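Student: So I've got this file, protein.csv, and it contains CSV, C-alpha atoms and all ligand atoms:
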```
chain,number,residue,atom,x,y,z
A,13,MET,CA,0.0,0.0,0.0
A,14,PRO,CA,1.4,3.5,-0.9
A,15,SER,CA,2.0,5.9,1.9
A,16,PHE,CA,-0.7,8.5,2.6
A,17,HIS,CA,0.8,11.7,1.3
A,18,SER,CA,-2.1,13.9,0.0
A,19,LEU,CA,-5.5,15.0,1.2
A,20,ARG,CA,-8.0,16.7,-1.0
A,21,VAL,CA,-10.5,18.7,1.0
A,22,SER,CA,-13.8,19.6,-0.5
A,23,VAL,CA,-15.1,22.7,1.2
A,24,THR,CA,-18.5,22.9,-0.5
A,25,ASP,CA,-20.7,21.0,-2.8
A,26,ARG,CA,-22.0,24.2,-4.3
A,27,CYS,CA,-20.9,25.6,-7.7
A,28,ASN,CA,-21.5,28.6,-9.9
A,29,LEU,CA,-21.1,26.4,-13.1
A,30,ARG,CA,-23.0,23.3,-14.2
A,31,CYS,CA,-20.6,21.1,-16.1
A,32,GLN,CA,-22.8,18.2,-17.2
A,33,TYR,CA,-20.1,15.6,-16.9
A,34,CYS,CA,-19.7,16.6,-13.3
A,35,MET,CA,-23.2,17.3,-12.0
A,36,GLY,CA,-25.3,15.4,-14.4
A,37,PRO,CA,-28.3,16.6,-16.4
A,38,GLU,CA,-30.5,17.4,-13.4
A,39,GLY,CA,-27.9,19.1,-11.3
A,40,VAL,CA,-27.7,18.2,-7.7
A,41,SER,CA,-29.5,19.4,-4.5
A,42,TRP,CA,-27.3,21.4,-2.1
A,43,MET,CA,-26.3,20.3,1.3
A,44,ARG,CA,-27.6,22.4,4.2
A,45,PRO,CA,-24.9,24.7,5.8
A,46,GLU,CA,-25.1,22.8,9.1
A,47,GLU,CA,-24.3,19.6,7.3
A,48,ILE,CA,-21.0,21.0,6.1
A,49,LEU,CA,-17.8,20.9,8.2
A,50,THR,CA,-16.7,24.2,9.7
A,51,PHE,CA,-13.2,25.6,8.9
A,52,GLU,CA,-12.1,24.6,12.4
A,53,GLU,CA,-13.3,21.0,11.9
A,54,ILE,CA,-11.5,20.9,8.5
A,55,ALA,CA,-8.3,22.2,10.0
A,56,ARG,CA,-8.5,19.6,12.8
A,57,VAL,CA,-8.7,16.8,10.2
A,58,ALA,CA,-5.9,18.4,8.1
A,59,ALA,CA,-3.7,18.7,11.2
A,60,ALA,CA,-4.3,15.0,12.0
A,61,ALA,CA,-3.4,14.1,8.4
A,62,VAL,CA,-0.2,16.2,8.4
A,63,GLY,CA,0.7,14.5,11.7
A,64,LEU,CA,0.5,11.2,9.9
A,65,GLY,CA,2.9,12.4,7.2
A,66,VAL,CA,0.6,14.1,4.6
A,67,LYS,CA,2.7,16.6,2.7
A,68,LYS,CA,0.1,18.1,0.3
A,69,LEU,CA,-3.3,19.5,0.8
A,70,ARG,CA,-5.6,20.6,-2.0
A,71,ILE,CA,-8.7,22.6,-1.5
A,72,THR,CA,-11.5,21.8,-3.9
A,73,GLY,CA,-15.3,21.4,-4.2
A,74,GLY,CA,-17.9,22.1,-5.7
A,75,GLU,CA,-16.4,25.4,-6.4
A,76,PRO,CA,-14.2,26.3,-3.4
A,77,LEU,CA,-14.2,30.0,-4.1
A,78,VAL,CA,-18.0,30.2,-3.6
A,79,ARG,CA,-17.4,29.3,0.1
A,80,GLN,CA,-17.3,32.5,2.0
A,81,GLY,CA,-14.1,33.3,3.7
A,82,VAL,CA,-12.1,30.5,2.1
A,83,GLU,CA,-9.0,32.6,2.6
A,84,ASP,CA,-9.4,32.1,6.3
A,85,LEU,CA,-9.2,28.4,5.8
A,86,VAL,CA,-6.2,28.8,3.6
A,87,ALA,CA,-4.4,30.7,6.4
A,88,MET,CA,-5.3,28.0,8.9
A,89,LEU,CA,-4.0,25.2,6.7
A,90,ALA,CA,-0.9,27.2,5.6
A,91,ALA,CA,0.1,27.4,9.3
A,92,LEU,CA,0.4,23.6,9.7
A,93,SER,CA,4.0,22.7,10.2
A,94,GLY,CA,5.2,19.8,8.1
A,95,LEU,CA,3.0,20.7,5.1
A,96,GLU,CA,5.0,21.2,1.9
A,97,ASP,CA,2.3,22.0,-0.6
A,98,LEU,CA,-1.0,23.8,-0.4
A,99,ALA,CA,-3.0,24.1,-3.6
A,100,LEU,CA,-6.5,24.8,-4.8
A,101,THR,CA,-8.5,23.6,-7.8
A,102,THR,CA,-11.0,26.1,-9.2
A,103,ASN,CA,-13.1,26.8,-12.2
A,104,GLY,CA,-11.5,30.3,-12.2
A,105,VAL,CA,-14.8,32.3,-12.4
A,106,LEU,CA,-14.2,34.1,-9.1
A,107,LEU,CA,-10.4,34.0,-9.1
A,108,ALA,CA,-9.7,37.5,-10.4
A,109,GLY,CA,-11.1,39.0,-7.3
A,110,LYS,CA,-9.5,36.5,-4.9
A,111,ALA,CA,-6.0,35.6,-6.3
A,112,LYS,CA,-4.2,38.2,-4.3
A,113,GLY,CA,-5.9,37.5,-1.0
A,114,LEU,CA,-5.4,33.7,-1.4
A,115,LYS,CA,-1.7,34.3,-2.1
A,116,ALA,CA,-1.4,36.5,1.0
A,117,ALA,CA,-3.2,33.9,3.1
A,118,GLY,CA,-0.5,31.3,2.2
A,119,LEU,CA,-1.8,29.5,-0.9
A,120,LYS,CA,1.0,28.3,-3.1
A,121,ARG,CA,-0.7,27.6,-6.4
A,122,VAL,CA,-3.9,27.0,-8.3
A,123,THR,CA,-5.1,24.6,-10.9
A,124,VAL,CA,-7.8,26.1,-13.1
A,125,SER,CA,-10.3,23.7,-14.8
A,126,LEU,CA,-10.9,24.9,-18.4
A,127,ASP,CA,-12.2,22.5,-21.1
A,128,THR,CA,-12.4,24.9,-24.0
A,129,LEU,CA,-10.9,28.1,-25.3
A,130,ARG,CA,-14.0,29.0,-27.3
A,131,PRO,CA,-16.7,31.1,-25.6
A,132,GLU,CA,-19.8,29.3,-27.2
A,133,ARG,CA,-18.4,25.9,-26.3
A,134,PHE,CA,-17.7,27.1,-22.8
A,135,GLU,CA,-21.3,27.9,-22.4
A,136,GLN,CA,-22.4,24.6,-23.8
A,137,ILE,CA,-20.2,22.6,-21.5
A,138,THR,CA,-20.6,24.6,-18.3
A,139,GLY,CA,-24.0,26.1,-18.8
A,140,GLN,CA,-22.7,29.7,-18.3
A,141,ASP,CA,-21.1,32.4,-20.4
A,142,ARG,CA,-18.1,33.0,-18.2
A,143,LEU,CA,-15.0,32.3,-20.2
A,144,GLU,CA,-13.8,35.9,-20.0
A,145,GLN,CA,-13.9,35.8,-16.2
A,146,VAL,CA,-11.9,32.6,-16.2
A,147,TRP,CA,-9.2,34.3,-18.4
A,148,ALA,CA,-9.1,37.2,-16.0
A,149,GLY,CA,-8.8,34.8,-13.1
A,150,MET,CA,-5.8,33.0,-14.7
A,151,GLU,CA,-4.1,36.4,-15.4
A,152,ALA,CA,-4.7,37.4,-11.8
A,153,ALA,CA,-3.3,34.1,-10.5
A,154,LEU,CA,-0.1,34.6,-12.6
A,155,ALA,CA,0.2,38.2,-11.5
A,156,ALA,CA,-0.2,37.2,-7.8
A,157,GLY,CA,2.5,34.6,-8.1
A,158,LEU,CA,0.3,31.6,-7.6
A,159,ALA,CA,2.7,29.4,-9.6
A,160,PRO,CA,3.1,27.2,-11.3
A,161,LEU,CA,-0.4,27.6,-12.9
A,162,LYS,CA,-1.9,24.4,-14.2
A,163,ILE,CA,-4.9,23.9,-16.4
A,164,ASN,CA,-7.1,20.8,-16.2
A,165,VAL,CA,-8.9,19.9,-19.5
A,166,VAL,CA,-11.4,17.1,-19.4
A,167,LEU,CA,-11.6,15.8,-22.9
A,168,LEU,CA,-15.1,15.1,-24.2
A,169,ARG,CA,-15.4,13.2,-27.4
A,170,GLY,CA,-16.9,15.3,-30.2
A,171,GLN,CA,-17.1,18.4,-27.9
A,172,ASN,CA,-13.6,19.7,-27.3
A,173,ASP,CA,-11.2,17.0,-28.5
A,174,ASP,CA,-10.3,19.0,-31.6
A,175,GLU,CA,-8.8,21.7,-29.3
A,176,VAL,CA,-5.8,19.6,-28.0
A,177,LEU,CA,-3.2,21.4,-30.2
A,178,ASP,CA,-4.6,24.8,-29.2
A,179,PHE,CA,-4.2,23.9,-25.6
A,180,VAL,CA,-0.6,22.8,-26.2
A,181,ARG,CA,0.2,26.1,-28.0
A,182,LEU,CA,-1.3,27.9,-25.0
A,183,ALA,CA,0.9,25.9,-22.6
A,184,ALA,CA,3.9,27.1,-24.6
A,185,ALA,CA,2.9,30.7,-25.0
A,186,ARG,CA,2.2,31.2,-21.3
A,187,ARG,CA,4.6,28.7,-19.7
A,188,ILE,CA,1.8,26.9,-18.0
A,189,GLU,CA,1.2,23.2,-17.7
A,190,VAL,CA,-1.9,21.8,-19.4
A,191,ARG,CA,-3.2,18.4,-18.2
A,192,PHE,CA,-5.5,16.3,-20.2
A,193,ILE,CA,-7.9,14.3,-18.1
A,194,GLU,CA,-9.9,11.2,-19.2
A,195,ARG,CA,-13.5,11.8,-18.5
A,196,MET,CA,-14.7,9.3,-15.9
A,197,PRO,CA,-18.1,7.7,-16.5
A,198,PHE,CA,-19.8,9.1,-13.4
A,199,PRO,CA,-22.1,10.1,-11.9
A,200,ALA,CA,-23.6,7.0,-13.5
A,201,LYS,CA,-26.8,8.8,-14.5
A,202,ALA,CA,-25.0,11.6,-16.2
A,203,ALA,CA,-22.8,9.2,-18.1
A,204,ALA,CA,-25.8,7.2,-19.3
A,205,HIS,CA,-27.7,10.4,-20.3
A,206,GLU,CA,-24.9,11.7,-22.5
A,207,GLY,CA,-24.2,8.3,-23.9
A,208,CYS,CA,-20.7,9.2,-22.5
A,209,GLY,CA,-19.1,7.2,-25.3
A,210,LEU,CA,-15.5,6.0,-25.4
A,211,PRO,CA,-13.2,8.3,-23.4
A,212,VAL,CA,-10.6,10.2,-25.3
A,213,ARG,CA,-7.6,8.1,-24.4
A,214,GLU,CA,-4.2,9.3,-23.5
A,215,SER,CA,-2.6,7.4,-26.4
A,216,GLU,CA,-4.8,9.2,-29.0
A,217,VAL,CA,-4.0,12.6,-27.5
A,218,GLN,CA,-0.3,11.9,-27.3
A,219,ALA,CA,-0.3,10.7,-31.0
A,220,LYS,CA,-2.0,13.9,-32.1
A,221,ILE,CA,0.5,16.1,-30.3
A,222,GLU,CA,3.5,14.1,-31.5
A,223,GLN,CA,2.3,14.2,-35.1
A,224,GLU,CA,2.4,18.0,-34.9
A,225,PHE,CA,5.3,18.7,-32.5
A,226,GLY,CA,7.5,15.5,-32.5
A,227,PRO,CA,8.1,13.0,-29.7
A,228,LEU,CA,7.2,14.2,-26.2
A,229,ARG,CA,10.0,14.0,-23.6
A,230,PRO,CA,9.0,12.6,-20.2
A,231,ILE,CA,9.7,14.8,-17.2
A,232,PRO,CA,10.4,12.8,-14.0
A,233,ARG,CA,8.0,13.2,-11.0
A,234,GLU,CA,9.3,15.8,-8.6
A,235,ASN,CA,8.3,13.8,-5.5
A,236,ALA,CA,6.0,11.1,-4.2
A,237,TRP,CA,3.1,13.6,-3.7
A,238,SER,CA,3.3,15.2,-7.2
A,239,GLY,CA,0.0,13.6,-8.1
A,240,PRO,CA,-1.0,11.1,-10.8
A,241,ALA,CA,-0.2,13.2,-13.9
A,242,ARG,CA,2.5,12.0,-16.3
A,243,VAL,CA,4.2,15.1,-17.5
A,244,TYR,CA,6.1,15.7,-20.8
A,245,ALA,CA,8.0,18.6,-22.4
A,246,VAL,CA,6.8,19.4,-25.8
A,247,PRO,CA,9.8,19.6,-28.2
A,248,GLY,CA,10.6,22.9,-29.7
A,249,ASN,CA,7.9,25.0,-28.0
A,250,GLY,CA,8.7,25.1,-24.3
A,251,GLY,CA,5.3,23.9,-23.2
A,252,ARG,CA,4.5,21.1,-20.8
A,253,VAL,CA,1.6,18.7,-21.0
A,254,GLY,CA,0.4,16.2,-18.5
A,255,PHE,CA,-2.0,13.3,-18.7
A,256,ILE,CA,-4.2,12.0,-16.0
A,257,SER,CA,-5.7,8.8,-17.3
A,258,PRO,CA,-7.7,6.9,-14.7
A,259,LEU,CA,-9.2,4.6,-17.3
A,260,SER,CA,-6.5,3.8,-19.7
A,261,GLU,CA,-3.5,4.2,-17.4
A,262,PRO,CA,-4.8,3.6,-13.8
A,263,PHE,CA,-2.5,4.8,-11.1
A,264,CYS,CA,-4.0,2.9,-8.1
A,265,GLU,CA,-0.7,1.3,-7.0
A,266,SER,CA,0.9,4.8,-6.4
A,267,CYS,CA,-2.2,6.6,-5.2
A,268,GLY,CA,-1.5,8.0,-1.7
A,269,ARG,CA,-4.6,10.3,-1.7
A,270,MET,CA,-7.6,10.6,0.4
A,271,ARG,CA,-10.6,12.8,0.0
A,272,LEU,CA,-12.6,14.7,2.7
A,273,THR,CA,-16.1,15.4,1.4
A,274,PRO,CA,-17.9,18.7,2.4
A,275,GLU,CA,-20.0,16.9,5.0
A,276,GLY,CA,-17.0,15.2,6.6
A,277,LYS,CA,-16.8,11.8,5.0
A,278,LEU,CA,-13.4,10.3,4.3
A,279,ARG,CA,-13.2,8.7,0.9
A,280,ALA,CA,-10.1,6.6,0.2
A,281,CYS,CA,-10.9,6.0,-3.5
A,282,LEU,CA,-12.7,8.2,-5.9
A,283,ALA,CA,-14.3,5.2,-7.6
A,284,SER,CA,-15.5,3.4,-4.5
A,285,GLU,CA,-18.6,4.4,-2.6
A,286,THR,CA,-17.0,3.3,0.7
A,287,GLU,CA,-16.9,6.3,3.1
A,288,LEU,CA,-16.0,6.8,6.7
A,289,ASP,CA,-17.7,9.5,8.8
A,290,LEU,CA,-15.5,12.0,10.6
A,291,LYS,CA,-18.1,14.7,11.4
A,292,GLY,CA,-19.9,12.6,14.0
A,293,PRO,CA,-16.7,11.9,15.9
A,294,LEU,CA,-15.5,15.5,15.5
A,295,ARG,CA,-18.7,16.9,16.9
A,296,ALA,CA,-18.7,14.3,19.7
A,297,GLY,CA,-15.4,15.6,20.9
A,298,ALA,CA,-12.9,13.0,19.4
A,299,SER,CA,-9.3,13.6,20.2
A,300,GLN,CA,-6.6,14.2,17.5
A,301,GLU,CA,-5.4,10.6,18.1
A,302,GLU,CA,-8.9,9.3,17.5
A,303,ILE,CA,-9.2,11.2,14.3
A,304,GLN,CA,-5.8,9.8,13.2
A,305,ALA,CA,-7.0,6.3,14.0
A,306,LEU,CA,-10.0,6.9,11.7
A,307,LEU,CA,-7.8,8.2,9.0
A,308,ASN,CA,-5.6,5.1,9.3
A,309,GLN,CA,-8.8,2.9,9.2
A,310,ALA,CA,-10.0,4.6,6.0
A,311,LEU,CA,-6.5,4.1,4.5
A,312,ALA,CA,-6.4,0.4,5.3
A,313,ALA,CA,-9.8,0.0,3.5
A,314,LYS,CA,-8.4,1.6,0.3
A,315,PRO,CA,-9.2,-0.6,-2.7
A,316,GLN,CA,-6.2,-2.0,-4.5
A,317,GLN,CA,-7.6,-1.2,-7.9
A,318,HIS,CA,-10.4,1.0,-9.1
A,319,ALA,CA,-11.4,0.5,-12.7
A,320,ALA,CA,-14.2,-2.0,-12.2
A,321,HIS,CA,-15.9,0.2,-9.6
A,322,PHE,CA,-16.7,3.3,-11.7
A,323,ALA,CA,-20.0,2.1,-13.1
A,324,SER,CA,-21.6,2.1,-9.7
A,325,VAL,CA,-20.5,5.6,-8.6
A,326,GLU,CA,-23.7,7.7,-8.1
A,327,ARG,CA,-22.3,10.7,-6.3
A,328,ALA,CA,-21.4,13.7,-8.5
A,329,MET,CA,-17.8,14.9,-8.5
A,330,SER,CA,-19.0,18.2,-7.2
A,331,ARG,CA,-20.2,16.4,-4.1
A,332,ILE,CA,-17.1,14.3,-3.6
A,333,GLY,CA,-14.4,16.8,-4.4
A,334,GLY,CA,-12.5,16.2,-7.6
A,401,LIG,N1,-15.0,23.5,-9.3
A,401,LIG,C1,-13.6,23.2,-9.3
A,401,LIG,C2,-13.1,23.0,-10.7
A,401,LIG,O1,-14.0,22.7,-11.6
A,401,LIG,O2,-11.9,23.0,-10.9
A,401,LIG,C3,-13.2,22.1,-8.4
A,401,LIG,C4,-14.0,20.9,-8.3
A,401,LIG,S1,-14.1,19.9,-9.8
A,401,LIG,C5,-15.1,18.6,-9.2
A,401,LIG,C6,-12.5,19.2,-9.9
A,401,LIG,C7,-12.1,18.6,-11.2
A,401,LIG,O3,-12.9,17.4,-11.4
A,401,LIG,C8,-12.3,19.5,-12.4
A,401,LIG,O4,-11.0,19.6,-13.0
A,401,LIG,C9,-13.2,18.7,-13.2
A,401,LIG,O5,-13.0,18.9,-14.6
A,401,LIG,C10,-13.0,17.3,-12.8
A,401,LIG,N2,-14.2,16.4,-13.1
A,401,LIG,C11,-15.5,16.6,-12.7
A,401,LIG,N3,-16.2,15.5,-13.2
A,401,LIG,C12,-15.3,14.7,-13.8
A,401,LIG,C13,-15.5,13.5,-14.5
A,401,LIG,N4,-16.7,12.9,-14.6
A,401,LIG,N5,-14.4,12.9,-15.1
A,401,LIG,C14,-13.2,13.5,-15.0
A,401,LIG,N6,-13.0,14.7,-14.3
A,401,LIG,C15,-14.0,15.3,-13.8
A,402,LIG,FE1,-18.5,23.0,-10.9
A,402,LIG,FE2,-16.1,22.1,-11.0
A,402,LIG,FE3,-18.1,20.4,-11.3
A,402,LIG,FE4,-17.7,22.2,-13.2
A,402,LIG,S1,-16.3,20.6,-12.6
A,402,LIG,S2,-19.7,21.7,-12.2
A,402,LIG,S3,-16.9,23.9,-12.1
A,402,LIG,S4,-17.6,21.6,-9.5
```
Give the structure from this file in structure tokens form.

Tutor:
Amino acid sequence: MPSFHSLRVSVTDRCNLRCQYCMGPEGVSWMRPEEILTFEEIARVAAAAVGLGVKKLRITGGEPLVRQGVEDLVAMLAALSGLEDLALTTNGVLLAGKAKGLKAAGLKRVTVSLDTLRPERFEQITGQDRLEQVWAGMEAALAAGLAPLKINVVLLRGQNDDEVLDFVRLAAARRIEVRFIERMPFPAKAAAHEGCGLPVRESEVQAKIEQEFGPLRPIPRENAWSGPARVYAVPGNGGRVGFISPLSEPFCESCGRMRLTPEGKLRACLASETELDLKGPLRAGASQEEIQALLNQALAAKPQQHAAHFASVERAMSRIGG
């Protein structure tokens, strides 16, 4: 079993976009505020995790920037001694107004999710006409020094897979890393509704890039908690591309991640519905040692391999924390 090195903390299930592949055709119903962990509760879990050797925390959601005062949580997490990386994944819509404050609170870097560079497609995919705000958000992040900036692109067959080379050129022009992600077929209802189709596989994307730019040069992982992306330098253009391919290149054997959902459930594998409740124990006065024992218990139940489980995942990514 890999060591536990990374915790992804979802701070809300709410979102200001409606990406169909994430929320499904009907959207989702929101959790009540009292169901969601407070910042103090999240910080206690994070401290317990860091005490067990976790090096990296990522704040996610839903859309983390819609949670009021998220900068305060960043400051609480940044103060944990032993932590080496504190990042946040966002759709970028509110980032322009928040980048400076997040940096000042101690955030190191952001990943922006952006599936298309074309305004009309952006609206089709996310349900909102907000591409300009996302651009402004990325500029603000770069200006604030939230670096390195990364962009996550979920490739959707027939919708944005013809933009691969445009993203590679953007990576080179702005010295950012673009990571292509295979769309996972859940929540199951959404996947069925869209007919989901064959995922756009890493091998096809790589072939398309190499045909235009020549062979990609692998860049070694920086450390054990670098995440599951395989990263390459693009010859001749200075750009970097990464691939996160849970379907065609599963990374279960090196996955040292756990997720904390907005309502305080620990989830050791994205693709398994097994969860362990932390909110009850936290609110019943559990000690830090007891929280650590529960983290270890969830870790021990981590499945060895995920691929077969995806079909049964009903919870939307926005409610798990992607
Ligand atoms: N709202 C933020 C955002 O979009 O960056 C953070 C939460 S979102 C759930 C985190 C990541 O999960 C995004 O990059 C999104 O594209 C990805 N995601 C959501 N549903 C997915 C799916 N079915 N397959 C693959 N990636 C998915
Ligand atoms: Fe919202 Fe992120 Fe899900 Fe899109 S991917 S609906 S932005 S939580």

Student: What gap, in Å, lies between CA of Ala156 (chain A) and CA of Glu75 (chain A)?

Tutor: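 Between CA of Ala156 (chain A) and CA of Glu75 (chain A) the gap works out to 20.1 Å.
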
Student: Using only C-alpha atoms and all ligand atoms, which residue out of A:Val62, A:Leu95, A:Cys27, A:Ala117 lies closest to ligand LIG 402 (chain A)?

Tutor: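 That would be A:Cys27, the residue with the smallest distance to ligand LIG 402 (chain A).
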
Student: Using all atoms listed in the file, which protein or nucleic acid residues are at most 6 Å from ligand LIG 401 (chain A), as an MDAnalysis selection string?

Tutor: chainID A and resid 33:34 72:75 101:103 124:125 164 166 194:198 329:330 333:334

Student: Considering only C-alpha atoms, can you say which of A:Ala90, A:Leu106, A:Leu290, A:Leu158 comes closest to Arg121 (chain A)?

Tutor: A:Leu158

Student: Just checking: using all atoms listed in the file, which residue out of A:Lys220, A:Arg70, A:Lys277, A:Arg213 ends up closest to Leu177 (chain A)?

Tutor: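 The closest residue to Leu177 (chain A) is A:Lys220.
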
Student: Quick one: residues within 10 Å of region 42-53 of chain A, only C-alpha atoms counted, chain neighbours fewer than 4 positions away excluded, as number ranges by chain?

Tutor: A: 22-27, 57-59, 81-82, 84-86, 88-89, 272-277, 290-291, 294-295, 331

Student: What's around Ala312 (chain A) at 12 Å? Count only C-alpha atoms, leave out sequence neighbours fewer than 4 positions away in its own chain, and write the answer as a list in words.

Tutor: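 Listed by chain and then number, they are Met13, Pro14, Ser15, Phe16, Gly268, Met270, Arg279, Ala280, Cys281, Thr286, Leu288, Ala305, Leu306, Leu307, Asn308 and Gln316 of chain A.
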